[in-house]
2 protein chains.
Amino acid sequence: MQQRSEETRSKIMDAAVRRFAVSGFDGASVDDICTEAGVSKGAFYHHFPSKQSIFLALMQGWLGLIDVGLGAVHKDTVPETFIEMTNLLPQVFAAAEDRLPMFLEFWLQASRDKTVWKAIIAPYRHFTESFTKLIADGIAEGSLKPVDSQVAGQTIVSLAVGLVLQGVLDPHGANWEKTARESMGILMNGLEKNKGDQ
Amino acid sequence: MQQRSEETRSKIMDAAVRRFAVSGFDGASVDDICTEAGVSKGAFYHHFPSKQSIFLALMQGWLGLIDVGLGAVHKDTVPETFIEMTNLLPQVFAAAEDRLPMFLEFWLQASRDKTVWKAIIAPYRHFTESFTKLIADGIAEGSLKPVDSQVAGQTIVSLAVGLVLQGVLDPHGANWEKTARESMGILMNGLEKNKGDQ
């Protein structure tokens with residue numbers, strides 16, 4: 001019974017991704033999502049109190065996957081860890097491609113609605129804190145220069161946000177995976193100790 | 001007569017910024033904008049063939065201002081020029097704050113509509129090309145390492161896009177002007193020749 005409930009929940013979420021992608025958040029109704037998923041409205045509301053809540057669940061699920069992926073990366077030094085993390089980017093780009101219109105609408109709502117805003121800002125701040133901690137670890141282990149670790153953490157998040165946004169909006173404007181990897185390399189050159197001329 | 005026409009045009013554009021900020025692109029009608037501006041619908045359509053065209057004009061006007069500002073920055077070396085450019089950021093943040101919801105809707109439409117997409121991608125590619133050229137100049141003058149200038153140009157645009165987006169969505173999450181200046185400093189450390197330990 002538990003398993004069937006989980007299946008229904010994920011069927012609804014998959015259907016919501018498809019409907020939001022085609023019609024946008026405002027354009028896709030709960031009815032549309034139920035029809036696409038082949039479930040009743042009762043089943044929908046059993047799992048999600050509102051259309052906004054499924055939107056938030058999708059967002060958090062996606063950011064959670066990135067978080068788990070990043071957390072699993074461990075290399076000998078902090079600079080190597082950051083470079084290794086860029087290997088996750090193909091998956092991030094692929095996931096963002098389908099969902100970008102939805103996330104743009106989410107950001108749009110965040111700029112107007114305090115509840116959505118809180119839901120979107122928390123994971124961003126969490127990413128910034130994780131990267132800040134990693135930079136601080138690098139300074140402590142002696143691999144990174146004694147920079148302001150918070151600024152460096154924010155720099156990495158900003159670069160990642162900008163790369164994903166550009167990569168999805170302008171997929172043929174560059175080889176974004178290569179650009180992302182080399183961008184991180186330039187940043188690490190600026191942060192690493194004992195890095196002189198090349 | 002010419003002057004009065006210019007005044008009407010800019011009155012309509014100011015009114016559109018206010019209406020889009022309050023109601024969003026879809027929510028603000030041409031009627032709303034005309035009422036806010038105190039002009040007739042005839043006057044509106046004399047200046048703008050559609051609501052989308054005024055949206056594009058606002059976008060291009062804003063990006064044009066940034067472009068003029070960046071183009072006016074000239075320092076002795078390329079790294080100094082990039083650092084000096086970050087002094088323009090307070091204006092960019094201030095202008096983006098009012099307009100972010102509008103731009104998010106613009107990006108959203110760009111992800112669905114080829115005409116809007118072309119209008120938004122052209123200036124981004126132009127910024128990337130300008131920065132790429134400046135990096136190439138820095139390599140030629142010997143102040144920057146012989147990096148892939150296009151990757152470095154894309155890195156700078158990505159960082160800027162990410163900083164503006166985060167700065168506007170989470171204004172109290174950081175001192176974004178300071179973060180932007182220091183981020184550029186880290187990036188320049190990674191790019192500059194003759195930069196060893198600090």
# chains A, B, ... in the order shown; residues from 1 in each chain; ligands from 1
call {"tool": "interface_residues", "arguments": {"of": "chain A", "to": "chain B", "cutoff": "6 Å", "atoms": "only C-alpha atoms", "output": "PyMOL selection string"}}
result
chain A and resi 101+104+108+151+155+158-159+161-163+179+183+186-187+189-190+193-197
call {"tool": "residues_around", "arguments": {"residues": "Val92 in chain B", "least_positions_apart": "2", "cutoff": "10 Å", "atoms": "only C-alpha atoms", "output": "compact mmCIF listing (two decimals) with C-alpha atoms, in the first residue's frame"}}
result
# COMPACT_ATOMS: atom_id res chain seq x y z
CA TRP B 62 18.62 48.73 -20.16
CA LEU B 63 21.23 46.49 -21.78
CA LEU B 65 22.96 51.58 -20.95
CA ILE B 66 25.16 48.85 -19.46
CA THR B 86 32.70 46.53 -11.23
CA ASN B 87 32.16 50.14 -10.08
CA LEU B 88 29.20 50.17 -12.48
CA LEU B 89 27.52 47.39 -10.51
CA PRO B 90 25.58 49.54 -8.02
CA ALA B 94 19.53 49.29 -8.75
CA ALA B 95 18.10 49.08 -12.27
CA ALA B 96 17.66 45.30 -12.09
CA GLU B 97 15.80 45.48 -8.78
CA VAL B 164 22.71 40.16 -10.54
call {"tool": "select_by_dssp", "arguments": {"residues": "chain B", "states": "helix (DSSP H, G or I)", "output": "PyMOL selection string"}}
result
chain B and resi 2-27+30-37+41-47+51-71+78-110+114-141+149-169+176-191
call {"tool": "residues_around", "arguments": {"residues": "Leu56 in chain B", "least_positions_apart": "2", "cutoff": "9 Å", "atoms": "only C-alpha atoms", "output": "ChimeraX atom specification"}}
result
/B:51-54,58-61,106,116,119-120
